[in-house]
Amino acid sequence: MSSTQDRVTNSDEVDSEEPQAKRLKLDVPDAQNVLPEQISSEQSMDVEQTPEAATETALDQAAEPAKITSFETLLPPSRVLLGTPPASHAQETSAGHTLEFDVGISEYISKDLPSIHAIIKQRFTDFLVHEVNLDGEVIHVTSLEMPQSEVTKQAEVIPEEANTTLEAVNPDLTLVPKTEEPSVSSTVGTSETEEKTEEKVEDARKEDDSETWPERFDTALSQYLSEPRIAQLKQMYLEGPEPPFVSDSGWGSRQAKPESAEAGPSQANVPEEKIEAESLSKNDRGKRGKRGRDRGGRGRGGARRGDRNKPVDPRKVISDPMESKTARTGLHKIIRELFGGKLESETDTKANADDDGTVVIKWGKRGQGRDAGRGGRGNKDDKPRGTYPPFIHFTLQKTNRDTQDALGHLSRILHCSNKDITVAGTKDKRGVTVQRVALRRGNKTVEDVWKMANGQNGRKTLEEALTQRGERGVRISDLKYRKAGLDLGMLKGNVFVITLRNVQVEPLDTIDRAMEFLKHKGFINYYGMQRFGTASIPTHSIGLAFLQSDWQKAASLILQHRPGEHPDVVAARDAWLVEKDLDKALQLLPRRVVAERCILESYKKMKGDTRNAMGALSTIPRTLRLMYVHAYQSYVWNAIVSERVRVHGADKPVAGDLVYEKEGEGGRVIEDGKDEDEEMPDAEEEGQSSKRMKRTWVAPRVKILNEEDVDKYTIFDVLIPLPGKDVAYPGGALGERYRKFLKLDGLDPDNLSSKHKDYNLSGSYRKIIHQPKELSWSVLRYTDPDVSLAQTDEDKLLGFEPPVVDENGKFVALQVELQLGTAAYATMALREVTKTETSSHYQTSLTQSSSDQAFRGTVGKITDEMEM
């Protein structure tokens, strides 16, 4: 593969005035001379080699430690197209800090409004985030108490048959396995117990009917099904996956009279068991010890006798004939979304000659039999689960921790694999965030999980767990059993409560003007600085190296030093980069530094040989590797959006813009660069199934606007694609600019396929302007910057003093509450108001130099540490 230098040199887009020697980025030889630091940061790269380095062999490269000459030389070559950086940029980049300009963020849409000086995220509690689930509910920590598995005490004596019925009525109903000896009251009399059980089942049906079949089901289905069909579907669903028992008075097992005349009259009435026995005696004498498949047992192709004789579920609901394929597709989608795979649907066109197909709805196979609720044949967890569902969902509040870091901490204290814990979305590190988490529980109960997470193994007493903050900034609560886990994207957005400190603006009503503009006009939907990490090694540059298959560069960049790191990490990097001591480096390297540890452990397995950098990189968790690649995609998107706003403004669409087609819009949108191979239900209309299966991203239908179309759309409809093989580029000069960026970075805009599946990106689309769904604000006053102006859920439940506003305070704060959709960055919304650099390093410097710091500790006791 040709070097990046060769590719760039042969490109017509290269600025001839920039000498190649100046673009020498890195003597990228040896991935052994580097380490990983940030778990949730995304890194990418495009660095150049000197001509001498390009001619060295892999072995020679492995002998020299990688050296980075300057921060700017680590950035992608396409950076030259971003224009001239602001005057304040030079000093910061010389110190090795990634700023907004470096990742393509440069424009504002409220240019006529003055800037408002303010500090973002001065304290952890200045940035509160609450997830919004798919039902539109804002997630909060509501209880710190230890949960109880039992629904009621009487559930302990419910027989297994009743359990099945109860679960069918309410999938989320919690039942308790019968593990204890029966109490005296439970053995008083069989008839009394059975009566209570029947009453319990009937009460559960009545109490949970409305919850099991909410009104929104009727509303959603009414678009496709008539009222009688909806009533049939409701009845079938409430009956549960097992059809109601209908007595046949013993005749169901008798052999039907054969139609063939050859069958004698005596044989027609012989029970099936006797026929089998006679057949065995004639043909299989001496073979009665046979096992496995020939007995129809558990072997391949065999089945238990109970399964063989089990009648097929005859229940199904058939829709009225539907002429429109789009309508049938919509019904399939609604069935999947409402019932979560419990019911499956398929199209039947055979009964209608004119192709007016009907849709048949019935219970899915996963919802029936002994595998019900376990994920079917794909289930590998063979641990006994009693009568509890296989997952536990809980609320996680984390303070100043990456999402992956917090989940890694939980996996260690809960003694489970990282793969057993999933979330619907990643959250900011710098702040206090609340979200739901799903745990594949194995044998654990909600009590077990709560006790382990709250140190009830000798580290803490119960009283301490209920009166002190969670360990290491992590608190879990509100544990519930659930039948399914969580996947990325299973949320509607986030609610933010953000406090801006030391606000300085004249006149003060400028705040109201700026907030009203944000409320009605929105903000540029940039990928925020969190997307690119805070380290001096640009994460989007590492991502570019992945896309270029330049594995040595990627590994070297990950392992390089970063200013301001923890001393333990610095010592570990030195142990490898300077001393070449793998064992010492691994011993010193904190476990939270995931990517670096994976690379070094791989090198150790290869006995110090660093030539297989690709293999070493592949040991990094896939989600983390993709974060690097997504960072590069985000950088290109930011840069092109800045170009679009700079040239055409942000008031209305122009010819050449991309929009979704208003009719027949197909596919789905991946707003946040999600894994294109994530598990998704099959979207094809024919042969719909409730099974979750792997499939690639299906590109939505988009169109390039011409002059006649412009007035039919608004600026909120305009899209820009993220780089990928399945997306369309904008028309006109902007599309050419997009291609120029990719070419300058050594990528082919018309062929972004990769032979490496993980980096074979399909691309996606993202709207350039985002409008908050809800927005409110208030102006507060304070004196002591150590006094919180907002309170976390955990502190409220612990009974800590609520925030007190000092009406005569010396300083002004602006508290903003807003709700944004998925993948939108609140810091980018605030940037539109403050018109200030949002990188963490810059905001920290503002905090340190802020005039309010002279009043620290003058009012009250510090309740949490100031973020530095």
# chains A, B, ... in the order shown; residues from 1 in each chain; ligands from 1

$ residues_around --residues "A:Tyr759" --least-positions-apart "6" --cutoff "10 Å" --atoms "only C-alpha atoms" --output "PyMOL selection string"
chain A and resi 543+546-549+625-626+629-630+675-676+724+752-753

$ write_last_selection --atoms "all heavy atoms" --output "CSV table (one decimal), in the first residue's frame"
chain,number,residue,atom,x,y,z
A,543,GLY,N,-8.5,7.9,13.6
A,543,GLY,CA,-9.5,7.3,12.8
A,543,GLY,C,-9.2,7.3,11.3
A,543,GLY,O,-9.5,6.3,10.6
A,546,PHE,N,-6.9,4.4,10.6
A,546,PHE,CA,-7.7,3.2,10.5
A,546,PHE,C,-8.3,3.1,9.1
A,546,PHE,O,-8.2,2.0,8.5
A,546,PHE,CB,-8.8,3.1,11.5
A,546,PHE,CG,-8.4,2.6,12.9
A,546,PHE,CD1,-8.2,3.4,13.9
A,546,PHE,CD2,-8.3,1.2,13.1
A,546,PHE,CE1,-7.9,2.9,15.2
A,546,PHE,CE2,-7.9,0.7,14.3
A,546,PHE,CZ,-7.7,1.6,15.4
A,547,LEU,N,-8.9,4.1,8.6
A,547,LEU,CA,-9.5,4.1,7.3
A,547,LEU,C,-8.5,3.9,6.2
A,547,LEU,O,-8.8,3.3,5.1
A,547,LEU,CB,-10.3,5.4,7.0
A,547,LEU,CG,-11.5,5.6,7.9
A,547,LEU,CD1,-12.2,6.9,7.6
A,547,LEU,CD2,-12.5,4.4,7.7
A,548,GLN,N,-7.2,4.4,6.4
A,548,GLN,CA,-6.2,4.2,5.4
A,548,GLN,C,-5.5,2.8,5.6
A,548,GLN,O,-4.5,2.5,4.8
A,548,GLN,CB,-5.1,5.3,5.6
A,548,GLN,CG,-5.7,6.7,5.2
A,548,GLN,CD,-4.6,7.8,5.5
A,548,GLN,OE1,-3.8,7.6,6.5
A,548,GLN,NE2,-4.7,8.8,4.8
A,549,SER,N,-5.9,2.0,6.6
A,549,SER,CA,-5.3,0.8,6.9
A,549,SER,C,-3.8,1.0,7.2
A,549,SER,O,-2.9,0.1,7.0
A,549,SER,CB,-5.4,-0.2,5.7
A,549,SER,OG,-6.7,-0.5,5.4
A,625,ARG,N,-12.8,1.1,18.9
A,625,ARG,CA,-12.1,1.3,17.6
A,625,ARG,C,-13.0,2.2,16.7
A,625,ARG,O,-12.5,3.0,16.0
A,625,ARG,CB,-11.8,0.0,17.0
A,625,ARG,CG,-10.6,-0.7,17.5
A,625,ARG,CD,-10.3,-2.1,16.8
A,625,ARG,NE,-11.2,-3.1,17.3
A,625,ARG,CZ,-11.9,-3.9,16.5
A,625,ARG,NH1,-11.9,-3.7,15.2
A,625,ARG,NH2,-12.7,-4.8,17.0
A,626,LEU,N,-14.3,1.9,16.7
A,626,LEU,CA,-15.2,2.6,15.8
A,626,LEU,C,-15.3,4.1,16.3
A,626,LEU,O,-15.6,4.9,15.4
A,626,LEU,CB,-16.5,1.9,15.8
A,626,LEU,CG,-16.6,0.6,15.0
A,626,LEU,CD1,-18.0,0.0,15.1
A,626,LEU,CD2,-16.2,0.8,13.6
A,629,VAL,N,-12.9,6.0,14.3
A,629,VAL,CA,-13.3,6.2,12.9
A,629,VAL,C,-14.4,7.2,12.8
A,629,VAL,O,-14.5,8.1,12.0
A,629,VAL,CB,-13.7,4.8,12.3
A,629,VAL,CG1,-14.3,5.0,10.9
A,629,VAL,CG2,-12.5,3.9,12.3
A,630,HIS,N,-15.4,7.1,13.8
A,630,HIS,CA,-16.5,8.1,13.8
A,630,HIS,C,-16.0,9.5,14.0
A,630,HIS,O,-16.6,10.4,13.6
A,630,HIS,CB,-17.5,7.6,14.8
A,630,HIS,CG,-18.2,6.3,14.5
A,630,HIS,ND1,-18.8,5.6,15.5
A,630,HIS,CD2,-18.4,5.7,13.3
A,630,HIS,CE1,-19.3,4.5,14.9
A,630,HIS,NE2,-19.1,4.5,13.6
A,675,ASP,N,-23.0,1.8,14.8
A,675,ASP,CA,-22.5,0.7,14.1
A,675,ASP,C,-23.5,0.2,13.0
A,675,ASP,O,-24.6,-0.1,13.3
A,675,ASP,CB,-22.3,-0.4,15.1
A,675,ASP,CG,-21.9,-1.7,14.5
A,675,ASP,OD1,-21.5,-1.7,13.3
A,675,ASP,OD2,-21.9,-2.7,15.2
A,676,GLU,N,-23.0,0.2,11.8
A,676,GLU,CA,-23.8,-0.1,10.7
A,676,GLU,C,-24.2,-1.6,10.7
A,676,GLU,O,-25.2,-2.0,10.0
A,676,GLU,CB,-23.1,0.1,9.3
A,676,GLU,CG,-23.1,1.6,9.0
A,676,GLU,CD,-21.9,2.3,9.7
A,676,GLU,OE1,-21.2,1.6,10.4
A,676,GLU,OE2,-21.7,3.5,9.5
A,724,GLY,N,-19.1,7.8,3.7
A,724,GLY,CA,-19.5,6.4,3.6
A,724,GLY,C,-19.8,6.0,2.2
A,724,GLY,O,-19.9,6.8,1.3
A,752,LEU,N,-15.4,4.2,-0.8
A,752,LEU,CA,-15.0,4.2,0.6
A,752,LEU,C,-15.2,2.8,1.2
A,752,LEU,O,-15.2,2.7,2.4
A,752,LEU,CB,-15.8,5.2,1.4
A,752,LEU,CG,-15.4,6.7,1.1
A,752,LEU,CD1,-16.3,7.6,1.8
A,752,LEU,CD2,-13.9,6.9,1.5
A,753,SER,N,-15.3,1.8,0.4
A,753,SER,CA,-15.4,0.4,0.9
A,753,SER,C,-14.0,0.0,1.4
A,753,SER,O,-13.0,0.5,1.0
A,753,SER,CB,-15.8,-0.5,-0.2
A,753,SER,OG,-17.1,-0.2,-0.7

$ residues_around --residues "A:Gln435" --least-positions-apart "6" --cutoff "9 Å" --atoms "only C-alpha atoms" --output "list in words"
Val129, His130, Glu131, Val132, Asn133, Ile139, His140, Val141, Phe394, Thr395, Leu396, Gln397, Lys398, Val423, Ala424, Gly425 and Lys427 of chain A

$ atom_distance --atom1 "atom CA of A:Val570" --atom2 "atom CA of A:Gln404"
21.3 Å

$ select_by_dssp --residues "stretch 446-646 of chain A" --states "strand (DSSP E)" --output "list in words"
Val474, Arg475, Ile476, Ser477, Asp478, Leu479, Lys480, Tyr481, Arg482, Gly493, Asn494, Val495, Phe496, Val497, Ile498, Thr499, Leu500, Arg501, Asn502, Val503, Gln504, Phe523 and Ile524 of chain A

$ closest_residue --among "A:Leu144, A:Ala733, A:Leu221, A:Met614" --to "A:Glu794" --atoms "only C-alpha atoms"
A:Leu144

$ select_by_dssp --residues "stretch 454-547 of chain A" --states "helix (DSSP H, G or I)" --output "MDAnalysis selection string"
chainID A and resid 462:467 471:473 510:521 529:532 539:547

$ atom_distance --atom1 "atom CA of A:Leu617" --atom2 "atom CA of A:His540"
15.9 Å

$ atom_distance --atom1 "atom CA of A:Tyr388" --atom2 "atom CA of A:Val437"
17.6 Å

$ closest_residue --among "A:His770, A:Arg315, A:Arg436, A:His409" --to "A:Lys521" --atoms "only C-alpha atoms"
A:His770

$ closest_residue --among "A:Val647, A:Val80, A:Leu775, A:Leu780" --to "A:Lys519" --atoms "only C-alpha atoms"
A:Leu775

$ closest_residue --among "A:Asp758, A:Arg644, A:Lys429, A:Asp583" --to "A:Ile620" --atoms "only C-alpha atoms"
A:Asp758
